[in-house]
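input.csv follows; it contains CSV, C-alpha atoms.
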chain,number,residue,atom,x,y,z
F,1,MET,CA,10.4,-10.5,36.1
F,2,ILE,CA,9.3,-9.0,32.8
F,3,ASP,CA,7.6,-5.8,31.8
F,4,VAL,CA,4.8,-5.9,29.2
F,5,TYR,CA,4.3,-2.8,27.1
F,6,PRO,CA,0.7,-1.7,26.6
F,7,PHE,CA,-0.8,-3.4,23.5
F,8,THR,CA,-4.0,-3.6,21.7
F,9,ARG,CA,-5.8,-6.8,21.0
F,10,GLN,CA,-8.3,-7.6,18.3
F,11,LEU,CA,-9.9,-11.0,17.7
F,12,ASP,CA,-9.5,-12.0,14.1
F,13,GLY,CA,-10.9,-15.4,13.2
F,14,GLU,CA,-9.2,-18.1,15.4
F,15,GLU,CA,-6.3,-15.7,16.2
F,16,VAL,CA,-5.8,-12.5,18.1
F,17,VAL,CA,-4.0,-9.6,16.5
F,18,ILE,CA,-1.9,-7.8,19.2
F,19,GLY,CA,-0.2,-4.6,18.5
F,20,ARG,CA,1.8,-1.6,19.7
F,21,GLN,CA,0.5,1.6,18.1
F,22,ASP,CA,3.5,3.6,19.1
F,23,THR,CA,5.9,1.4,17.1
F,24,ALA,CA,3.4,0.1,14.5
F,25,VAL,CA,4.3,-3.6,15.3
F,26,PHE,CA,1.4,-6.1,15.0
F,27,LEU,CA,1.4,-9.9,15.5
F,28,ALA,CA,-1.2,-12.6,15.1
F,29,VAL,CA,-1.0,-15.0,18.0
F,30,PRO,CA,-3.3,-17.7,19.4
F,31,PRO,CA,-5.5,-16.7,22.3
F,32,GLU,CA,-3.2,-18.6,24.7
F,33,GLY,CA,-0.5,-16.2,23.7
F,34,VAL,CA,-2.6,-13.3,25.0
F,35,GLU,CA,-3.1,-15.2,28.3
F,36,VAL,CA,0.7,-15.4,28.6
F,37,LEU,CA,1.0,-11.6,28.2
F,38,ASP,CA,-1.8,-10.9,30.6
F,39,HIS,CA,-0.2,-13.1,33.3
F,40,LEU,CA,3.2,-11.5,32.8
F,41,ALA,CA,1.6,-8.0,33.0
F,42,GLN,CA,0.1,-9.0,36.3
F,43,GLY,CA,3.7,-9.6,37.6
F,44,LYS,CA,3.8,-13.4,37.4
F,45,SER,CA,7.1,-15.0,36.6
F,46,ILE,CA,7.7,-17.2,33.6
F,47,GLY,CA,7.7,-20.3,35.8
F,48,GLU,CA,4.4,-19.3,37.3
F,49,VAL,CA,2.9,-18.7,33.9
F,50,ARG,CA,4.0,-22.2,32.7
F,51,ALA,CA,2.5,-23.7,35.8
F,52,LEU,CA,-0.9,-21.9,35.3
F,53,LEU,CA,-1.1,-22.9,31.6
F,54,GLY,CA,-0.1,-26.5,32.4
F,55,ALA,CA,-2.8,-26.8,35.0
F,56,LYS,CA,-5.4,-25.3,32.6
F,57,TYR,CA,-4.5,-27.2,29.4
F,58,GLY,CA,-3.0,-30.3,30.8
F,59,GLU,CA,0.4,-29.7,29.2
F,60,THR,CA,3.3,-27.4,30.3
F,61,PRO,CA,4.3,-25.2,27.4
F,62,ASP,CA,7.8,-24.2,26.4
F,63,LEU,CA,7.6,-20.4,26.2
F,64,THR,CA,11.2,-19.7,25.3
F,65,GLU,CA,10.9,-19.0,21.6
F,66,PHE,CA,7.5,-17.3,22.0
F,67,LEU,CA,8.9,-14.9,24.6
F,68,GLU,CA,12.1,-14.2,22.5
F,69,LEU,CA,9.9,-13.3,19.6
F,70,LEU,CA,7.8,-11.0,21.7
F,71,ALA,CA,10.9,-9.3,23.1
F,72,GLN,CA,12.4,-8.8,19.6
F,73,LYS,CA,9.2,-7.2,18.4
F,74,GLY,CA,9.1,-4.9,21.4
F,75,PHE,CA,6.3,-6.3,23.5
F,76,LEU,CA,8.5,-7.4,26.4
F,77,ALA,CA,11.5,-6.2,28.2
F,78,PRO,CA,13.4,-7.4,31.3
F,79,ARG,CA,12.1,-5.4,34.4
F,80,THR,CA,14.6,-2.8,35.5
F,81,GLY,CA,17.0,-4.3,38.0
F,82,ALA,CA,15.9,-7.8,37.2
F,83,ALA,CA,17.9,-10.6,35.5
F,84,ALA,CA,17.0,-11.3,31.9
F,85,PRO,CA,15.4,-14.7,31.2
F,86,ALA,CA,17.6,-17.4,29.9
F,87,GLY,CA,18.3,-17.4,26.2
F,88,PRO,CA,18.9,-14.6,23.7
F,89,PHE,CA,16.2,-12.4,25.3
F,90,GLN,CA,17.1,-9.1,23.5
F,91,PRO,CA,14.4,-6.4,23.7
F,92,SER,CA,13.7,-4.3,20.6
F,93,ARG,CA,15.3,-0.9,20.4
F,94,GLU,CA,12.9,0.3,17.8
F,95,PRO,CA,12.2,4.0,18.5
F,96,PRO,CA,8.6,5.2,18.7
F,97,ARG,CA,7.0,5.8,15.3
F,98,GLN,CA,6.6,9.4,14.1
F,99,TYR,CA,3.3,9.9,12.4
F,100,HIS,CA,2.3,12.5,9.9
F,101,PHE,CA,-0.6,14.9,10.5
F,102,ALA,CA,-1.3,13.2,13.8
F,103,GLY,CA,-2.7,16.5,15.1
F,104,ILE,CA,-5.8,16.2,12.9
F,105,PRO,CA,-8.8,15.6,15.3
F,106,GLN,CA,-10.4,12.2,14.9
F,107,SER,CA,-13.8,14.0,15.0
F,108,LEU,CA,-12.9,16.0,11.9
F,109,ALA,CA,-11.8,13.0,10.0
F,110,SER,CA,-15.0,11.2,11.0
F,111,ARG,CA,-17.1,14.0,9.6
F,112,ILE,CA,-15.2,14.0,6.3
F,113,PHE,CA,-15.9,10.3,6.0
F,114,SER,CA,-19.4,10.4,7.5
F,115,ARG,CA,-22.3,8.5,6.0
F,116,PRO,CA,-23.9,11.6,4.4
F,117,MET,CA,-20.5,12.4,2.7
F,118,LEU,CA,-20.1,8.9,1.5
F,119,LEU,CA,-23.7,8.9,0.2
F,120,ALA,CA,-23.0,12.2,-1.7
F,121,ALA,CA,-19.9,10.7,-3.2
F,122,GLY,CA,-21.8,7.6,-4.3
F,123,MET,CA,-24.5,9.7,-6.0
F,124,LEU,CA,-21.8,11.8,-7.8
F,125,ILE,CA,-20.2,8.6,-9.1
F,126,GLY,CA,-23.6,7.3,-10.2
F,127,LEU,CA,-24.3,10.4,-12.1
F,128,ALA,CA,-20.9,10.2,-13.9
F,129,VAL,CA,-21.6,6.5,-14.8
F,130,THR,CA,-24.9,7.6,-16.3
F,131,ALA,CA,-23.2,10.4,-18.3
F,132,VAL,CA,-20.7,7.8,-19.7
F,133,ILE,CA,-23.6,5.6,-20.7
F,134,ILE,CA,-25.3,8.5,-22.5
F,135,ALA,CA,-22.1,9.9,-24.1
F,136,PRO,CA,-19.3,7.3,-24.0
F,137,GLY,CA,-17.2,9.6,-26.2
F,138,ILE,CA,-16.3,11.7,-23.1
F,139,VAL,CA,-14.0,9.0,-21.9
F,140,PRO,CA,-10.5,9.9,-23.2
F,141,GLY,CA,-7.9,7.7,-24.7
F,142,TRP,CA,-4.1,7.8,-24.5
F,143,GLY,CA,-4.1,10.8,-26.8
F,144,ALA,CA,-5.4,12.9,-23.8
F,145,VAL,CA,-1.8,13.0,-22.4
F,146,TYR,CA,0.0,13.6,-25.7
F,147,PHE,CA,0.5,17.3,-26.4
F,148,PRO,CA,2.2,18.0,-29.8
F,149,GLU,CA,1.7,21.7,-29.2
F,150,ASN,CA,2.6,23.6,-26.0
F,151,MET,CA,4.3,20.3,-25.0
F,152,THR,CA,6.3,21.6,-22.0
F,153,LEU,CA,3.5,23.8,-20.5
F,154,LEU,CA,0.8,21.2,-20.8
F,155,THR,CA,2.9,18.3,-19.8
F,156,LEU,CA,4.3,20.1,-16.7
F,157,SER,CA,0.7,21.0,-15.8
F,158,LEU,CA,-0.3,17.4,-16.0
F,159,VAL,CA,2.7,16.3,-14.0
F,160,ALA,CA,1.9,18.9,-11.3
F,161,TYR,CA,-1.7,17.7,-11.3
F,162,SER,CA,-0.6,14.1,-10.9
F,163,TRP,CA,1.6,14.9,-7.9
F,164,VAL,CA,-1.0,17.0,-6.2
F,165,THR,CA,-3.8,14.5,-6.6
F,166,LEU,CA,-1.5,11.7,-5.6
F,167,PHE,CA,-0.8,13.5,-2.4
F,168,LEU,CA,-4.6,14.0,-1.9
F,169,HIS,CA,-5.1,10.3,-2.7
F,170,GLU,CA,-2.8,9.3,0.1
F,171,MET,CA,-4.3,12.0,2.4
F,172,ALA,CA,-7.6,10.3,1.9
F,173,HIS,CA,-6.2,7.1,3.2
F,174,LEU,CA,-4.6,8.9,6.2
F,175,LEU,CA,-7.9,10.7,7.1
F,176,ALA,CA,-10.0,7.6,6.8
F,177,ALA,CA,-7.6,5.7,9.0
F,178,ARG,CA,-7.6,8.7,11.4
F,179,ALA,CA,-11.4,8.4,11.5
F,180,VAL,CA,-11.1,4.9,13.0
F,181,GLY,CA,-8.4,6.0,15.5
F,182,VAL,CA,-5.3,4.9,13.5
F,183,ASP,CA,-2.3,7.2,12.9
F,184,SER,CA,-0.4,6.9,9.6
F,185,ARG,CA,2.7,7.9,7.7
F,186,LEU,CA,3.1,9.1,4.1
F,187,GLY,CA,6.1,8.0,2.1
F,188,ILE,CA,7.6,7.0,-1.2
F,189,SER,CA,8.2,3.4,-2.1
F,190,ASN,CA,8.0,1.1,-5.1
F,191,ARG,CA,5.9,-1.7,-6.5
F,192,LEU,CA,8.3,-3.9,-8.4
F,193,TRP,CA,10.2,-1.2,-10.5
F,194,ILE,CA,7.3,1.3,-10.4
F,195,LEU,CA,7.7,4.4,-8.2
F,196,VAL,CA,4.7,4.9,-6.0
F,197,ALA,CA,3.5,7.0,-3.0
F,198,GLU,CA,2.1,5.1,-0.1
F,199,THR,CA,0.4,5.5,3.2
F,200,ASP,CA,1.7,3.3,6.0
F,201,MET,CA,-1.5,2.3,7.9
F,202,THR,CA,0.1,-0.6,9.9
F,203,GLY,CA,-2.1,0.3,12.9
F,204,ILE,CA,-5.2,-0.7,10.9
F,205,TRP,CA,-4.7,-4.3,12.0
F,206,GLY,CA,-5.6,-3.2,15.5
F,207,VAL,CA,-9.2,-2.4,14.6
F,208,PRO,CA,-12.1,-4.7,13.7
F,209,ARG,CA,-12.0,-6.2,10.2
F,210,GLN,CA,-15.1,-4.4,9.1
F,211,GLN,CA,-13.6,-1.0,10.0
F,212,ARG,CA,-10.6,-1.5,7.7
F,213,TYR,CA,-12.4,-1.3,4.4
F,214,LEU,CA,-13.0,2.5,4.3
F,215,PRO,CA,-9.3,3.3,5.0
F,216,PHE,CA,-8.2,0.9,2.3
F,217,LEU,CA,-10.7,2.3,-0.2
F,218,ALA,CA,-10.5,6.0,0.6
F,219,GLY,CA,-7.8,6.7,-2.0
F,220,PRO,CA,-9.7,5.0,-4.9
F,221,LEU,CA,-12.8,6.7,-3.7
F,222,PHE,CA,-11.1,10.1,-4.0
F,223,ASP,CA,-9.9,9.2,-7.5
F,224,ALA,CA,-13.4,8.1,-8.5
F,225,VAL,CA,-15.0,11.3,-7.2
F,226,LEU,CA,-12.4,13.4,-9.0
F,227,ALA,CA,-12.9,11.5,-12.2
F,228,SER,CA,-16.6,11.9,-11.8
F,229,LEU,CA,-16.3,15.7,-11.6
F,230,PHE,CA,-14.2,15.7,-14.8
F,231,LEU,CA,-16.7,13.4,-16.6
F,232,LEU,CA,-19.6,15.5,-15.6
F,233,SER,CA,-17.8,18.7,-16.7
F,234,LEU,CA,-17.0,17.2,-20.1
F,235,PHE,CA,-20.6,15.9,-20.4
F,236,ALA,CA,-21.9,19.4,-19.6
F,237,GLY,CA,-19.6,20.9,-22.2
F,238,ARG,CA,-20.6,18.4,-24.9
F,239,SER,CA,-24.3,18.9,-24.1
F,240,GLY,CA,-23.9,22.7,-24.4
F,241,TRP,CA,-24.8,23.4,-20.8
F,242,VAL,CA,-21.5,25.2,-20.2
F,243,SER,CA,-18.9,26.7,-22.6
F,244,LEU,CA,-15.5,25.0,-22.5
F,245,SER,CA,-12.5,26.2,-24.5
F,246,ALA,CA,-10.4,23.7,-26.4
F,247,MET,CA,-7.6,24.1,-23.8
F,248,ALA,CA,-10.0,23.4,-21.0
F,249,VAL,CA,-11.3,20.3,-22.7
F,250,ARG,CA,-7.7,19.1,-23.2
F,251,LEU,CA,-6.7,19.7,-19.5
F,252,LEU,CA,-9.9,18.1,-18.2
F,253,SER,CA,-9.4,15.1,-20.5
F,254,GLY,CA,-5.8,14.8,-19.4
F,255,GLY,CA,-6.6,14.9,-15.7
F,256,LEU,CA,-9.5,12.5,-16.2
F,257,PHE,CA,-7.1,10.0,-18.0
F,258,VAL,CA,-4.6,10.2,-15.2
F,259,SER,CA,-7.4,9.5,-12.6
F,260,LEU,CA,-8.8,6.6,-14.6
F,261,MET,CA,-5.3,5.0,-15.0
F,262,ARG,CA,-4.8,5.4,-11.2
F,263,LEU,CA,-8.1,3.5,-10.6
F,264,LEU,CA,-7.0,0.8,-13.1
F,265,TRP,CA,-3.7,0.5,-11.3
F,266,GLN,CA,-5.6,-0.5,-8.1
F,267,CYS,CA,-6.8,-3.6,-10.0
F,268,TYR,CA,-3.3,-5.0,-10.2
F,269,PHE,CA,-3.9,-7.5,-7.4
F,270,PHE,CA,-0.5,-9.2,-7.9
F,271,LEU,CA,1.0,-6.1,-6.2
F,272,ARG,CA,0.2,-4.4,-2.9
F,273,THR,CA,-2.4,-2.0,-4.2
F,274,ASP,CA,-5.4,-0.7,-2.3
F,275,LEU,CA,-7.7,-3.4,-3.7
F,276,TYR,CA,-5.2,-6.1,-2.8
F,277,PHE,CA,-5.5,-5.2,0.8
F,278,VAL,CA,-9.3,-5.2,0.5
F,279,VAL,CA,-9.1,-8.8,-1.0
F,280,ALA,CA,-6.7,-9.9,1.7
F,281,ASN,CA,-8.8,-8.5,4.5
F,282,TYR,CA,-12.0,-10.0,3.1
F,283,PHE,CA,-10.5,-13.5,3.1
F,284,GLY,CA,-8.8,-13.0,6.5
F,285,CYS,CA,-5.3,-13.3,5.1
F,286,LYS,CA,-2.7,-11.7,7.5
F,287,ASN,CA,0.1,-11.8,4.9
F,288,LEU,CA,-1.3,-12.9,1.6
F,289,MET,CA,1.7,-11.7,-0.5
F,290,GLY,CA,4.4,-13.1,1.8
F,291,ASP,CA,2.6,-16.4,2.3
F,292,THR,CA,2.1,-16.8,-1.5
F,293,ALA,CA,5.8,-16.2,-2.1
F,294,ALA,CA,6.6,-18.8,0.5
F,295,PHE,CA,4.1,-21.2,-1.1
F,296,LEU,CA,5.6,-20.8,-4.5
F,297,ARG,CA,9.1,-21.3,-3.0
F,298,ASN,CA,7.9,-24.6,-1.5
F,299,GLN,CA,6.6,-25.7,-4.9
F,300,ALA,CA,10.0,-24.8,-6.5
F,301,ALA,CA,11.8,-26.7,-3.7
F,302,ARG,CA,10.3,-29.9,-5.0
F,303,LEU,CA,12.2,-29.4,-8.2
F,304,TRP,CA,15.4,-27.8,-6.7
F,305,PRO,CA,16.2,-29.6,-3.4
F,306,LYS,CA,18.8,-26.9,-2.6
F,307,LEU,CA,15.9,-24.5,-1.9
F,308,LYS,CA,15.0,-24.6,1.8
F,309,PRO,CA,11.2,-24.9,2.1
F,310,VAL,CA,9.1,-22.7,4.4
F,311,ASP,CA,6.9,-24.3,7.1
F,312,GLN,CA,3.3,-23.2,6.5
F,313,ALA,CA,1.6,-25.7,8.7
F,314,HIS,CA,0.3,-22.9,10.9
F,315,ILE,CA,-1.8,-21.4,8.1
F,316,PRO,CA,-5.5,-22.4,8.4
F,317,GLY,CA,-7.0,-24.4,5.6
F,318,PRO,CA,-9.4,-21.8,4.2
F,319,GLU,CA,-6.5,-19.2,4.1
F,320,MET,CA,-4.3,-21.8,2.3
F,321,ARG,CA,-6.9,-22.3,-0.4
F,322,VAL,CA,-6.9,-18.5,-1.0
F,323,ILE,CA,-3.1,-18.6,-1.2
F,324,ARG,CA,-3.2,-21.3,-3.9
F,325,TRP,CA,-5.6,-19.4,-6.1
F,326,TYR,CA,-3.8,-16.1,-5.5
F,327,ALA,CA,-0.5,-17.8,-6.5
F,328,LEU,CA,-1.9,-18.1,-10.1
F,329,VAL,CA,-2.6,-14.3,-10.1
F,330,TRP,CA,0.8,-13.6,-8.6
F,331,VAL,CA,2.7,-15.6,-11.3
F,332,ALA,CA,0.6,-14.4,-14.2
F,333,GLY,CA,0.8,-10.8,-13.1
F,334,ARG,CA,4.5,-10.8,-12.6
F,335,ALA,CA,5.0,-12.5,-16.0
F,336,VAL,CA,3.1,-9.7,-17.7
F,337,ALA,CA,5.0,-7.1,-15.6
F,338,LEU,CA,8.3,-8.6,-16.6
F,339,GLY,CA,7.2,-8.5,-20.3
F,340,ALA,CA,6.2,-4.9,-19.9
F,341,LEU,CA,9.6,-4.1,-18.3
F,342,GLY,CA,11.6,-5.8,-21.1
F,343,PHE,CA,9.5,-4.6,-24.1
F,344,ILE,CA,8.2,-1.2,-22.9
F,345,SER,CA,9.9,0.3,-19.9
F,346,LEU,CA,13.5,-0.4,-20.6
F,347,PRO,CA,13.3,0.5,-24.3
F,348,LEU,CA,11.4,3.7,-23.3
F,349,MET,CA,14.2,4.6,-20.8
F,350,TRP,CA,16.8,4.0,-23.5
F,351,HIS,CA,14.8,6.1,-26.0
F,352,TYR,CA,14.6,9.0,-23.5
F,353,ALA,CA,18.4,8.7,-22.7
F,354,VAL,CA,19.3,8.7,-26.4
F,355,MET,CA,16.9,11.6,-27.1
F,356,ILE,CA,18.4,13.7,-24.3
F,357,ILE,CA,22.0,13.0,-25.2
F,358,THR,CA,21.3,13.8,-28.9
F,359,THR,CA,19.5,17.0,-28.1
F,360,LEU,CA,22.2,18.2,-25.8
F,361,GLY,CA,24.7,17.5,-28.5
F,362,MET,CA,22.8,19.6,-31.0
F,363,GLY,CA,22.7,22.5,-28.6
F,364,VAL,CA,20.0,25.0,-27.7
F,365,ARG,CA,20.5,27.6,-30.4
F,366,GLN,CA,19.2,25.5,-33.3
F,367,ASN,CA,15.7,25.1,-31.9
F,368,PRO,CA,15.3,26.5,-28.3
F,369,ALA,CA,11.7,25.3,-27.9
F,370,HIS,CA,12.5,21.8,-29.0
F,371,PHE,CA,15.6,21.7,-26.8
F,372,ILE,CA,13.6,22.7,-23.7
F,373,ASP,CA,10.8,20.2,-24.5
F,374,VAL,CA,13.1,17.3,-24.9
F,375,VAL,CA,15.5,17.9,-22.1
F,376,LEU,CA,12.9,18.9,-19.5
F,377,ILE,CA,10.2,16.3,-20.3
F,378,GLY,CA,12.7,13.6,-21.0
F,379,THR,CA,14.6,14.1,-17.8
F,380,ILE,CA,11.4,14.0,-15.7
F,381,SER,CA,10.2,10.8,-17.3
F,382,LEU,CA,13.6,9.2,-17.2
F,383,THR,CA,14.1,10.1,-13.5
F,384,VAL,CA,10.8,8.6,-12.4
F,385,GLN,CA,11.6,5.3,-14.3
F,386,VAL,CA,15.2,5.1,-13.0
F,387,ALA,CA,14.2,5.8,-9.4
F,388,GLY,CA,11.6,3.0,-9.4
F,389,LEU,CA,14.1,0.6,-11.0
F,390,TYR,CA,16.8,1.6,-8.5
F,391,LEU,CA,14.5,1.0,-5.5
F,392,TRP,CA,13.4,-2.4,-6.8
F,393,ILE,CA,17.0,-3.6,-7.3
F,394,ARG,CA,18.0,-2.2,-3.9
F,395,ASN,CA,15.2,-4.0,-2.2
F,396,ARG,CA,16.0,-7.3,-4.0
F,397,ARG,CA,19.6,-7.1,-2.7
F,398,VAL,CA,18.3,-6.4,0.9
F,399,LEU,CA,16.1,-9.4,0.7
F,400,ARG,CA,18.9,-11.7,-0.5
F,401,ARG,CA,21.1,-10.5,2.4

Final structure tokens representation of the file:
Amino acid sequence: MIDVYPFTRQLDGEEVVIGRQDTAVFLAVPPEGVEVLDHLAQGKSIGEVRALLGAKYGETPDLTEFLELLAQKGFLAPRTGAAAPAGPFQPSREPPRQYHFAGIPQSLASRIFSRPMLLAAGMLIGLAVTAVIIAPGIVPGWGAVYFPENMTLLTLSLVAYSWVTLFLHEMAHLLAARAVGVDSRLGISNRLWILVAETDMTGIWGVPRQQRYLPFLAGPLFDAVLASLFLLSLFAGRSGWVSLSAMAVRLLSGGLFVSLMRLLWQCYFFLRTDLYFVVANYFGCKNLMGDTAAFLRNQAARLWPKLKPVDQAHIPGPEMRVIRWYALVWVAGRAVALGALGFISLPLMWHYAVMIITTLGMGVRQNPAHFIDVVLIGTISLTVQVAGLYLWIRNRRVLRR
């Protein structure tokens, strides 16, 4: 006999997404797979389930691999005191997932992302767009984050702003997910060799597809609202409605540039950005990135027979067409990213390293202000770059193993 852990179910196209919220494990299975779980949950044996499905569909299924997969993913376990089914039936020992800010009431999160609040955010963004059309000069360029004077103070202020707003960006995802009943986790990860913060919303696959868009877009929405406030402030200053000091304009422009770059980052669809998940959800792709990598591997296997192809026969035709188109974006995006790594990121890291070593060799007495600027700012920039590169290399090694 087998115990079935409580699971959610959500019809998604021709499949059903089943999931365990406590361990954040979700699988897409055919409707017949859910029937198997329901029969087992009612106390039926594997033999009885086979017989029932055979009578219903005219063919007796072999459930061994399916049940082994469900056991490994933590949906099944041998009933206490009962013999385990034949085969490598090893239940998952994955501990329950610990979520962050799980004590936030769902009602509070729902009010934060209520329709009136979203309407107000939309109106604010609309006003900011209008301000840009009237006075396009309020949109800053890269010079907004270059401070030849007061370098340490202003750069550290901008770094602190970036970290705080990045946390709030991820909190927006978490609260929006909480509003639809999904708990989440905050963490640090990487996209290629770029260090990023992320919100693990795995449980989002357990809610209807239409309810997933707001949690995916909550972070960019926060950035857009914040950028709109900065744009309107700069517009008011330029129009003479308020008096802004030169320092205030510099800080507002720097913060605005960071927010705009964060919004631009979301458009890098060849990585798992927020808008990538929106696109994948819209087309009903369960694992667009992974399936695309497998598709490209299969194309490469035609040229290099030593590569073992991946069976993608189970992927529906419409989803496969999306994967073929996305493969072009995937390849082009990574080619550009590799070019940026070789011609921008690595030379910049080398420049920072040489600059820090040279300044340390000169000592602090010759020019204390310059010494502090170079060592502090250079170390911060180099640490972020090296951390992202380290995580990327480590993950590549894990995947190879």

Review point. Of the candidates F:Ser162, F:Asp183, F:Leu76, F:Glu35, which one gets nearest to Pro105 (chain F) if we count only C-alpha atoms?
Key: F:Asp183

Practice item. Using all atoms listed in the file, find all polymer residues with an atom at most 7 Å away from the point (11.8, -2.9, -9.1); report them as a PyMOL selection string. Key: chain F and resi 190-194+388-393

Can you write just those residues out, C-alpha atoms, as a PDB file, in the frame of the given file?
ATOM      1  CA  ASN F 190       8.000   1.100  -5.100  1.00  0.00           C
ATOM      2  CA  ARG F 191       5.900  -1.700  -6.500  1.00  0.00           C
ATOM      3  CA  LEU F 192       8.300  -3.900  -8.400  1.00  0.00           C
ATOM      4  CA  TRP F 193      10.200  -1.200 -10.500  1.00  0.00           C
ATOM      5  CA  ILE F 194       7.300   1.300 -10.400  1.00  0.00           C
ATOM      6  CA  GLY F 388      11.600   3.000  -9.400  1.00  0.00           C
ATOM      7  CA  LEU F 389      14.100   0.600 -11.000  1.00  0.00           C
ATOM      8  CA  TYR F 390      16.800   1.600  -8.500  1.00  0.00           C
ATOM      9  CA  LEU F 391      14.500   1.000  -5.500  1.00  0.00           C
ATOM     10  CA  TRP F 392      13.400  -2.400  -6.800  1.00  0.00           C
ATOM     11  CA  ILE F 393      17.000  -3.600  -7.300  1.00  0.00           C
TER      12      ILE F 393
END

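Residues in contact with Arg185 (chain F) at 8 Å, where all atoms listed in the file are counted and same-chain residues fewer than 5 positions away are skipped, are listed as Gln98, Tyr99, His100, Leu174, Thr199, Asp200 and Met201 of chain F.
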
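If you count only C-alpha atoms and ignore residues fewer than 6 places along the chain from Leu234 (chain F), what sits within 9 Å of it is Ile138, Val139, Leu244, Val249, Leu252 and Ser253 of chain F.
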
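The residue that comes closest to Phe7 (chain F), out of F:Ala301, F:Leu70, F:Leu52, F:Leu338 and on the basis of all atoms listed in the file, is F:Leu70.
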
Exercise for review: Find the residues around Phe167 (chain F) up to 12 Å (all atoms listed in the file counted), leave out those fewer than 4 positions away in its own chain, and share them as a ChimeraX atom specification.
Suggested key: /F:160-163,171-174,186-188,196-199,219,222-223
